[in-house]
$ cat run.txt   # compact mmCIF, C-alpha atoms
# COMPACT_ATOMS: atom_id res chain seq x y z
CA MET T 15 38.45 -67.89 -115.27
CA SER T 16 40.87 -65.27 -116.53
CA PRO T 17 43.06 -66.14 -119.51
CA ALA T 18 46.84 -66.20 -119.36
CA ILE T 19 48.30 -63.08 -121.00
CA VAL T 20 51.63 -62.87 -122.80
CA SER T 21 52.81 -59.70 -124.47
CA ILE T 22 54.93 -59.95 -127.60
CA SER T 23 56.92 -56.74 -127.62
CA ALA T 24 59.76 -55.19 -129.55
CA LYS T 25 61.25 -52.00 -130.83
CA SER T 26 59.28 -50.72 -133.78
CA GLY T 27 60.17 -52.31 -137.10
CA THR T 28 61.35 -55.57 -135.60
CA GLY T 29 58.52 -57.60 -137.10
CA LYS T 30 56.52 -58.95 -134.16
CA THR T 31 53.44 -59.87 -136.15
CA THR T 32 54.96 -62.86 -137.93
CA LEU T 33 55.89 -64.42 -134.59
CA VAL T 34 52.44 -63.70 -133.12
CA VAL T 35 50.80 -65.37 -136.13
CA LYS T 36 53.01 -68.47 -135.72
CA LEU T 37 52.30 -68.67 -131.98
CA ILE T 38 48.54 -68.40 -132.54
CA ALA T 39 48.65 -71.26 -135.05
CA GLU T 40 50.83 -73.43 -132.79
CA LEU T 41 48.70 -72.81 -129.67
CA LYS T 42 45.52 -73.55 -131.64
CA GLN T 43 47.04 -76.82 -132.83
CA ARG T 44 47.60 -77.72 -129.18
CA GLY T 45 43.90 -77.24 -128.50
CA TYR T 46 43.83 -73.92 -126.69
CA ARG T 47 41.30 -71.14 -127.14
CA VAL T 48 43.50 -68.31 -128.31
CA GLY T 49 42.90 -64.58 -128.23
CA ALA T 50 45.01 -61.93 -129.92
CA ILE T 51 45.11 -58.18 -129.35
CA LYS T 52 46.88 -55.58 -131.42
CA HIS T 53 47.41 -52.04 -130.31
CA ASP T 54 47.11 -49.73 -133.27
CA THR T 55 47.16 -46.08 -134.20
CA HIS T 56 44.08 -43.94 -133.47
CA ASN T 57 42.31 -44.25 -136.68
CA PHE T 58 42.89 -47.78 -137.94
CA SER T 59 40.44 -48.98 -140.52
CA MET T 60 38.33 -52.09 -140.14
CA ASP T 61 35.29 -52.91 -142.24
CA ARG T 62 34.82 -51.76 -145.83
CA GLU T 63 33.44 -48.53 -147.18
CA GLY T 64 29.90 -48.84 -148.45
CA LYS T 65 28.94 -51.97 -146.51
CA ASP T 66 25.83 -51.79 -144.31
CA SER T 67 27.89 -52.21 -141.15
CA TRP T 68 30.20 -49.42 -142.29
CA ARG T 69 27.17 -47.18 -142.93
CA PHE T 70 25.95 -47.79 -139.35
CA THR T 71 29.28 -46.69 -137.93
CA GLU T 72 29.45 -43.71 -140.29
CA ALA T 73 25.95 -42.64 -139.19
CA GLY T 74 27.30 -42.43 -135.66
CA ALA T 75 26.60 -45.79 -134.01
CA ASP T 76 28.66 -45.93 -130.81
CA THR T 77 28.62 -49.72 -130.84
CA MET T 78 28.05 -51.70 -134.03
CA MET T 79 27.80 -55.46 -134.24
CA VAL T 80 27.40 -57.84 -137.16
CA THR T 81 26.44 -61.34 -136.15
CA SER T 82 26.04 -64.70 -137.87
CA SER T 83 26.19 -68.35 -136.92
CA GLU T 84 29.91 -68.29 -137.61
CA LYS T 85 31.20 -65.19 -135.89
CA LEU T 86 30.47 -61.77 -134.55
CA ALA T 87 32.22 -58.52 -135.29
CA ILE T 88 31.99 -55.46 -133.10
CA ILE T 89 33.23 -51.93 -133.57
CA LYS T 90 32.98 -49.85 -130.43
CA GLN T 91 33.87 -46.16 -130.26
CA ASN T 92 35.69 -45.12 -127.09
CA PRO T 93 33.80 -42.42 -125.21
CA GLU T 94 35.87 -39.23 -125.12
CA ARG T 95 38.48 -40.96 -127.32
CA ARG T 96 40.08 -42.53 -124.27
CA GLU T 97 41.10 -46.15 -124.44
CA PRO T 98 39.68 -48.34 -121.67
CA PRO T 99 42.29 -50.13 -119.51
CA ILE T 100 43.46 -53.20 -121.41
CA ARG T 101 42.84 -55.54 -118.44
CA GLU T 102 39.22 -54.38 -118.39
CA SER T 103 38.82 -55.16 -122.11
CA ILE T 104 40.44 -58.57 -121.65
CA GLU T 105 38.05 -59.42 -118.80
CA ARG T 106 35.10 -58.25 -120.83
CA TYR T 107 35.85 -59.79 -124.21
CA PHE T 108 38.39 -62.57 -123.60
CA GLY T 109 37.00 -64.30 -120.50
CA ASP T 110 36.36 -67.46 -122.51
CA MET T 111 39.93 -67.74 -123.84
CA ASP T 112 42.77 -69.86 -122.39
CA ILE T 113 45.47 -67.46 -123.46
CA VAL T 114 45.71 -63.99 -124.97
CA LEU T 115 48.70 -62.75 -126.94
CA THR T 116 49.08 -58.99 -127.11
CA GLU T 117 51.14 -57.01 -129.59
CA GLY T 118 52.03 -53.36 -129.58
CA PHE T 119 51.63 -52.62 -125.87
CA LYS T 120 55.13 -51.60 -124.89
CA LYS T 121 54.23 -50.40 -121.42
CA ASN T 122 52.19 -52.66 -119.19
CA ASP T 123 52.90 -55.24 -116.54
CA PHE T 124 52.11 -58.35 -118.60
CA PRO T 125 54.80 -61.01 -118.92
CA LYS T 126 56.75 -60.07 -122.03
CA ILE T 127 58.62 -61.87 -124.76
CA GLU T 128 60.86 -59.44 -126.59
CA VAL T 129 61.39 -59.95 -130.29
CA HIS T 130 64.91 -59.01 -131.31
CA ARG T 131 66.80 -58.71 -134.59
CA ARG T 132 70.45 -57.82 -134.56
CA GLU T 133 70.22 -55.70 -137.70
CA ARG T 134 67.48 -53.58 -136.11
CA SER T 135 69.37 -53.00 -132.87
CA THR T 136 72.08 -54.61 -130.76
CA ARG T 137 70.32 -53.41 -127.61
CA LEU T 138 67.29 -55.02 -125.98
CA LEU T 139 64.30 -52.82 -125.18
CA TYR T 140 63.69 -54.42 -121.78
CA ARG T 141 67.28 -55.03 -120.67
CA ASP T 142 69.67 -52.52 -122.21
CA ASP T 143 67.44 -49.50 -122.76
CA SER T 144 65.93 -49.98 -119.29
CA TYR T 145 65.55 -52.99 -117.02
CA ASP T 146 62.05 -54.45 -117.02
CA PRO T 147 61.39 -57.32 -114.58
CA THR T 148 58.37 -58.52 -116.59
CA LEU T 149 60.60 -59.79 -119.42
CA ILE T 150 60.37 -63.58 -119.40
CA ALA T 151 62.14 -64.52 -122.66
CA VAL T 152 63.64 -63.18 -125.86
CA ALA T 153 63.03 -64.42 -129.40
CA SER T 154 66.06 -63.42 -131.40
CA ASP T 155 67.90 -64.10 -134.65
CA SER T 156 71.21 -64.20 -132.81
CA PRO T 157 72.63 -65.62 -129.56
CA LEU T 158 72.47 -63.38 -126.48
CA GLN T 159 73.91 -63.67 -122.98
CA ILE T 160 71.13 -62.54 -120.66
CA ASP T 161 69.21 -63.61 -117.56
CA VAL T 162 66.11 -64.99 -119.36
CA PRO T 163 65.75 -67.82 -121.91
CA VAL T 164 66.60 -66.90 -125.50
CA PHE T 165 64.77 -68.70 -128.32
CA ASP T 166 65.32 -68.78 -132.03
CA LEU T 167 62.95 -66.21 -133.52
CA ASN T 168 61.64 -68.79 -136.00
CA ASP T 169 61.19 -71.61 -133.51
CA ALA T 170 57.54 -71.12 -132.58
CA VAL T 171 57.34 -74.70 -131.26
CA SER T 172 59.96 -74.14 -128.54
CA ILE T 173 58.48 -70.76 -127.63
CA CYS T 174 55.07 -72.42 -127.29
CA ASP T 175 56.56 -75.19 -125.14
CA PHE T 176 57.88 -72.46 -122.87
CA ILE T 177 54.55 -70.57 -122.77
CA GLU T 178 52.63 -73.78 -122.20
CA LYS T 179 54.80 -74.94 -119.32
CA ARG T 180 54.75 -71.56 -117.67
CA PHE T 181 51.13 -70.47 -118.15
CA LEU T 182 48.91 -73.29 -119.35
CA ARG T 183 48.06 -76.64 -117.94
CA PRO T 184 49.02 -79.41 -120.33
CA ARG T 185 45.86 -81.00 -121.73
CA MET E 1429 21.13 -50.53 -117.08
CA SER E 1430 19.84 -52.37 -120.13
CA PRO E 1431 19.38 -50.45 -123.35
CA ALA E 1432 16.02 -50.12 -125.10
CA ILE E 1433 15.85 -52.44 -128.10
CA VAL E 1434 13.90 -51.80 -131.30
CA SER E 1435 14.00 -54.20 -134.21
CA ILE E 1436 13.72 -52.80 -137.75
CA SER E 1437 12.27 -55.67 -139.73
CA ALA E 1438 10.93 -56.31 -143.20
CA LYS E 1439 10.57 -58.81 -145.95
CA SER E 1440 13.86 -59.28 -147.76
CA GLY E 1441 14.57 -56.67 -150.41
CA THR E 1442 12.53 -53.92 -148.76
CA GLY E 1443 15.56 -51.80 -147.93
CA LYS E 1444 15.70 -51.59 -144.16
CA THR E 1445 19.27 -50.38 -143.93
CA THR E 1446 18.60 -46.86 -145.21
CA LEU E 1447 15.99 -46.33 -142.50
CA VAL E 1448 18.28 -47.76 -139.80
CA VAL E 1449 21.06 -45.40 -140.91
CA LYS E 1450 18.68 -42.40 -140.73
CA LEU E 1451 17.42 -43.43 -137.28
CA ILE E 1452 20.96 -43.83 -135.94
CA ALA E 1453 21.88 -40.33 -137.15
CA GLU E 1454 18.69 -38.79 -135.73
CA LEU E 1455 19.02 -40.52 -132.34
CA LYS E 1456 22.68 -39.48 -132.11
CA GLN E 1457 21.69 -35.90 -132.84
CA ARG E 1458 19.31 -36.11 -129.88
CA GLY E 1459 22.20 -37.07 -127.63
CA TYR E 1460 21.64 -40.79 -127.15
CA ARG E 1461 24.28 -43.50 -127.11
CA VAL E 1462 23.19 -45.63 -130.02
CA GLY E 1463 24.00 -49.25 -130.81
CA ALA E 1464 23.24 -51.06 -134.06
CA ILE E 1465 23.18 -54.77 -134.81
CA LYS E 1466 22.91 -56.44 -138.17
CA HIS E 1467 22.21 -60.11 -138.64
CA ASP E 1468 24.14 -61.39 -141.61
CA THR E 1469 24.90 -64.56 -143.53
CA HIS E 1470 27.37 -67.09 -142.06
CA ASN E 1471 30.51 -65.94 -143.63
CA PHE E 1472 30.30 -62.15 -143.87
CA SER E 1473 33.60 -60.43 -144.37
CA MET E 1474 34.96 -57.79 -142.07
CA ASP E 1475 38.56 -56.62 -142.01
CA ARG E 1476 40.86 -56.66 -145.05
CA GLU E 1477 43.02 -59.41 -146.42
CA GLY E 1478 46.68 -59.02 -145.58
CA LYS E 1479 46.25 -56.73 -142.56
CA ASP E 1480 47.85 -57.84 -139.29
CA SER E 1481 44.46 -58.24 -137.64
CA TRP E 1482 43.27 -60.34 -140.57
CA ARG E 1483 46.38 -62.52 -140.26
CA PHE E 1484 45.60 -63.15 -136.58
CA THR E 1485 42.10 -64.36 -137.43
CA GLU E 1486 43.40 -66.44 -140.34
CA ALA E 1487 45.96 -68.08 -138.03
CA GLY E 1488 43.04 -69.26 -135.91
CA ALA E 1489 42.53 -66.64 -133.19
CA ASP E 1490 39.15 -67.32 -131.57
CA THR E 1491 38.88 -63.72 -130.42
CA MET E 1492 40.79 -60.91 -132.10
CA MET E 1493 40.80 -57.31 -130.97
CA VAL E 1494 42.39 -54.19 -132.39
CA THR E 1495 42.41 -51.28 -130.03
CA SER E 1496 43.34 -47.60 -130.17
CA SER E 1497 42.43 -44.42 -128.35
CA GLU E 1498 39.57 -43.93 -130.78
CA LYS E 1499 37.86 -47.30 -130.97
CA LEU E 1500 38.11 -51.01 -130.60
CA ALA E 1501 37.26 -53.71 -133.09
CA ILE E 1502 36.61 -57.31 -132.14
CA ILE E 1503 36.06 -60.40 -134.25
CA LYS E 1504 34.91 -63.37 -132.21
CA GLN E 1505 34.38 -66.85 -133.66
CA ASN E 1506 31.31 -68.62 -132.35
CA PRO E 1507 32.21 -71.93 -130.72
CA GLU E 1508 30.65 -74.81 -132.64
CA ARG E 1509 29.38 -72.30 -135.19
CA ARG E 1510 26.33 -71.58 -133.05
CA GLU E 1511 25.22 -68.03 -132.58
CA PRO E 1512 24.87 -66.93 -128.95
CA PRO E 1513 21.40 -65.68 -127.95
CA ILE E 1514 21.08 -62.10 -129.11
CA ARG E 1515 19.94 -60.85 -125.68
CA GLU E 1516 23.13 -62.26 -124.18
CA SER E 1517 25.26 -60.41 -126.75
CA ILE E 1518 23.35 -57.19 -126.12
CA GLU E 1519 23.91 -57.46 -122.37
CA ARG E 1520 27.58 -58.20 -122.89
CA TYR E 1521 28.47 -55.63 -125.54
CA PHE E 1522 25.75 -52.96 -125.44
CA GLY E 1523 25.26 -52.40 -121.70
CA ASP E 1524 26.55 -48.84 -122.03
CA MET E 1525 24.10 -47.85 -124.81
CA ASP E 1526 20.75 -46.06 -124.39
CA ILE E 1527 19.15 -47.78 -127.34
CA VAL E 1528 19.98 -50.58 -129.75
CA LEU E 1529 18.50 -50.89 -133.24
CA THR E 1530 18.58 -54.37 -134.72
CA GLU E 1531 18.22 -55.29 -138.36
CA GLY E 1532 17.76 -58.67 -139.94
CA PHE E 1533 16.34 -60.56 -136.96
CA LYS E 1534 12.92 -61.53 -138.22
CA LYS E 1535 12.07 -63.80 -135.35
CA ASN E 1536 12.55 -62.56 -131.83
CA ASP E 1537 10.37 -60.88 -129.23
CA PHE E 1538 11.79 -57.36 -129.55
CA PRO E 1539 9.40 -54.51 -130.31
CA LYS E 1540 9.35 -54.26 -134.10
CA ILE E 1541 8.95 -51.55 -136.68
CA GLU E 1542 8.14 -53.12 -140.04
CA VAL E 1543 9.48 -51.44 -143.15
CA HIS E 1544 7.04 -51.72 -146.01
CA ARG E 1545 7.08 -50.84 -149.71
CA ARG E 1546 4.01 -51.39 -151.78
CA GLU E 1547 5.94 -52.44 -154.86
CA ARG E 1548 7.71 -55.16 -152.84
CA SER E 1549 4.51 -56.57 -151.36
CA THR E 1550 0.99 -55.44 -150.51
CA ARG E 1551 1.06 -57.72 -147.46
CA LEU E 1552 2.69 -56.95 -144.12
CA LEU E 1553 5.07 -59.53 -142.67
CA TYR E 1554 3.74 -59.12 -139.11
CA ARG E 1555 0.05 -58.58 -139.82
CA ASP E 1556 -1.02 -60.28 -143.03
CA ASP E 1557 1.44 -63.17 -143.29
CA SER E 1558 0.97 -63.91 -139.60
CA TYR E 1559 -0.10 -61.80 -136.64
CA ASP E 1560 2.79 -60.71 -134.41
CA PRO E 1561 1.88 -58.80 -131.22
CA THR E 1562 5.37 -57.29 -130.97
CA LEU E 1563 4.76 -55.03 -133.99
CA ILE E 1564 4.63 -51.44 -132.69
CA ALA E 1565 4.63 -49.41 -135.92
CA VAL E 1566 5.05 -49.56 -139.68
CA ALA E 1567 7.25 -47.35 -141.86
CA SER E 1568 5.70 -47.42 -145.31
CA ASP E 1569 5.70 -45.63 -148.65
CA SER E 1570 1.90 -45.84 -148.78
CA PRO E 1571 -1.07 -45.38 -146.42
CA LEU E 1572 -2.26 -48.46 -144.52
CA GLN E 1573 -5.28 -49.12 -142.31
CA ILE E 1574 -3.95 -51.14 -139.39
CA ASP E 1575 -3.92 -51.26 -135.59
CA VAL E 1576 -0.48 -49.64 -135.10
CA PRO E 1577 0.85 -46.21 -136.09
CA VAL E 1578 2.00 -45.90 -139.71
CA PHE E 1579 4.82 -43.48 -140.52
CA ASP E 1580 6.20 -42.21 -143.79
CA LEU E 1581 9.20 -44.38 -144.60
CA ASN E 1582 11.36 -41.29 -145.16
CA ASP E 1583 10.26 -39.42 -142.06
CA ALA E 1584 12.99 -40.47 -139.63
CA VAL E 1585 12.19 -37.51 -137.37
CA SER E 1586 8.62 -38.65 -136.64
CA ILE E 1587 9.74 -42.26 -136.19
CA CYS E 1588 12.38 -41.08 -133.72
CA ASP E 1589 9.79 -38.99 -131.86
CA PHE E 1590 7.73 -42.17 -131.52
CA ILE E 1591 10.71 -44.27 -130.35
CA GLU E 1592 11.83 -41.57 -127.95
CA LYS E 1593 8.41 -41.16 -126.34
CA ARG E 1594 7.91 -44.88 -126.02
CA PHE E 1595 11.37 -46.09 -124.92
CA LEU E 1596 13.63 -43.23 -123.93
CA ARG E 1597 13.36 -40.56 -121.32
CA PRO E 1598 13.55 -37.10 -122.83
CA ARG E 1599 16.87 -35.47 -121.91
$ encode --input "run.txt" --output "structure tokens"
Amino acid sequence: MSPAIVSISAKSGTGKTTLVVKLIAELKQRGYRVGAIKHDTHNFSMDREGKDSWRFTEAGADTMMVTSSEKLAIIKQNPERREPPIRESIERYFGDMDIVLTEGFKKNDFPKIEVHRRERSTRLLYRDDSYDPTLIAVASDSPLQIDVPVFDLNDAVSICDFIEKRFLRPR
Amino acid sequence: MSPAIVSISAKSGTGKTTLVVKLIAELKQRGYRVGAIKHDTHNFSMDREGKDSWRFTEAGADTMMVTSSEKLAIIKQNPERREPPIRESIERYFGDMDIVLTEGFKKNDFPKIEVHRRERSTRLLYRDDSYDPTLIAVASDSPLQIDVPVFDLNDAVSICDFIEKRFLRPR
């Protein structure tokens, strides 16, 4: 079965990560298997210099995995430095999740919750800057009059209620 | 297509990693897509405290991925803290590799190259301690009289020649 996917999006500098972290914790508490994806700049660092796993990657390993009873970690180089389609990666790596939250993918057709802070901008990315029909809700620090539900940015419980009702079967 | 798999094994403290690193570099130079797997203790650390990706995992994400044009990194918690069979993980994550080198799996049925240093032990793990038919070669710092080829521990080129002839089609 494919997981539900919800994209947490915003203009840069709005502070999406804190909300994503809260939603992960709240969804976990409700018993779901939760995946999280962050889109990052080309050359993000993972792993630590000098470790064996790091040495494998440095030596040129195209795919490197460290495995234990607790977890596995994989670093996979993209052939020709081209990112595989995100839906393909979700199918491949997140097939056993109930829900996947993505952050940092501004342009895709996933259902989106826009994070909004008045001091960052009075305009919404997916309503004012251009109309995007995949917007399903806004998490904001101020009241807004728009055509989708608006939640308090800090109210992860209500946002999870909304996500759960819309995408997940109650357990 | 499934990748070739060669396990680099040894008694603890023999220093397998340096050989694995050399083999990765040599195989890459020959144009192969190379995977590497390290078996580690339960709670190895990957990622860095405080980073967004780290915060996702800390919040409870069962699968966490960071993706960019250059690479992707995944940290996946094992359900019930039980490691999935290594062949399953290889099929799932290394299907696009030509060859996979594994380190730290002492007991499996992969073809094995034993790393040996006289000062660590005069006895071979897969011959003297117990006879293992999956042993295909030994990389040692001293001459040995046994029923499989023995290579100089530092001669990654000859070891790669051997691996290439046995498991990979010349390109």
$ residues_around --input "run.txt" --residues "region 123-125 of chain T" --least-positions-apart "5" --cutoff "9 Å" --atoms "only C-alpha atoms" --output "PyMOL selection string"
chain T and resi 19-22+147-151
$ closest_atom_pairs --input "run.txt" --of "chain T" --to "chain E" --cutoff "7 Å" --atoms "only C-alpha atoms" --output "Markdown table"
| residue | atom | partner | partner_atom | distance |
| --- | --- | --- | --- | --- |
| T:Thr31 | CA | E:Asp1480 | CA | 6.7 |
| T:Val35 | CA | E:Phe1484 | CA | 5.7 |
| T:Ile38 | CA | E:Ala1487 | CA | 6.1 |
| T:Ala39 | CA | E:Ala1487 | CA | 5.1 |
| T:Lys42 | CA | E:Gly1488 | CA | 6.5 |
| T:Arg47 | CA | E:Asp1490 | CA | 6.2 |
| T:Val48 | CA | E:Ala1489 | CA | 5.2 |
| T:Gly49 | CA | E:Thr1491 | CA | 4.7 |
| T:Ala50 | CA | E:Met1492 | CA | 4.9 |
| T:Ile51 | CA | E:Met1493 | CA | 4.7 |
| T:Lys52 | CA | E:Val1494 | CA | 4.8 |
| T:His53 | CA | E:Thr1495 | CA | 5.1 |
| T:Asp54 | CA | E:Ser1496 | CA | 5.3 |
| T:Thr55 | CA | E:Ser1496 | CA | 5.8 |
| T:His56 | CA | E:Ser1496 | CA | 5.0 |
| T:Asn57 | CA | E:Glu1498 | CA | 6.5 |
| T:Met60 | CA | E:Asp1475 | CA | 4.9 |
| T:Asp61 | CA | E:Met1474 | CA | 4.9 |
| T:Asp66 | CA | E:Thr1445 | CA | 6.7 |
| T:Arg69 | CA | E:Val1449 | CA | 6.7 |
| T:Phe70 | CA | E:Val1449 | CA | 5.7 |
| T:Ala73 | CA | E:Ala1453 | CA | 5.1 |
| T:Gly74 | CA | E:Ala1453 | CA | 6.0 |
| T:Ala75 | CA | E:Val1462 | CA | 5.3 |
| T:Asp76 | CA | E:Val1462 | CA | 5.5 |
| T:Thr77 | CA | E:Gly1463 | CA | 4.6 |
| T:Met78 | CA | E:Ala1464 | CA | 4.9 |
| T:Met79 | CA | E:Ile1465 | CA | 4.7 |
| T:Val80 | CA | E:Lys1466 | CA | 4.8 |
| T:Thr81 | CA | E:His1467 | CA | 5.1 |
| T:Ser82 | CA | E:His1470 | CA | 5.0 |
| T:Ser83 | CA | E:Glu1511 | CA | 4.5 |
| T:Glu84 | CA | E:Arg1509 | CA | 4.7 |
| T:Lys85 | CA | E:Gln1505 | CA | 4.2 |
| T:Leu86 | CA | E:Lys1504 | CA | 5.3 |
| T:Ala87 | CA | E:Ile1503 | CA | 4.4 |
| T:Ile88 | CA | E:Ile1502 | CA | 5.1 |
| T:Ile89 | CA | E:Ala1501 | CA | 4.4 |
| T:Lys90 | CA | E:Leu1500 | CA | 5.3 |
| T:Gln91 | CA | E:Lys1499 | CA | 4.2 |
| T:Asn92 | CA | E:Lys1499 | CA | 5.0 |
| T:Arg95 | CA | E:Glu1498 | CA | 4.7 |
| T:Arg96 | CA | E:Ser1497 | CA | 5.1 |
| T:Glu97 | CA | E:Ser1497 | CA | 4.5 |
| T:Phe108 | CA | E:Thr1491 | CA | 6.9 |
$ residues_around --input "run.txt" --residues "region 1553-1560 of chain E" --least-positions-apart "2" --cutoff "12 Å" --atoms "all atoms listed in the file" --output "MDAnalysis selection string"
chainID E and resid 1436:1440 1442 1534:1545 1548:1551 1562:1566 1572:1576
$ atom_distance --input "run.txt" --atom1 "CA of Glu178 (chain T)" --atom2 "CA of Leu33 (chain T)"
15.9 Å
$ atom_distance --input "run.txt" --atom1 "CA of Pro1431 (chain E)" --atom2 "CA of Pro99 (chain T)"
23.2 Å
$ atom_distance --input "run.txt" --atom1 "CA of Ala18 (chain T)" --atom2 "CA of Lys30 (chain T)"
19.1 Å
$ axis_aligned_box --input "run.txt" --around "region 133-139 of chain T" --padding-each-side "5 Å" --output "JSON"
{"center_x": 68.2, "center_y": -54.3, "center_z": -131.4, "size_x": 17.8, "size_y": 12.9, "size_z": 22.5}
$ residues_around --input "run.txt" --residues "region 166-170 of chain T" --least-positions-apart "3" --cutoff "7 Å" --atoms "all atoms listed in the file" --output "JSON, numbers by chain"
{"T": [36, 37, 153, 154, 155, 173, 174]}
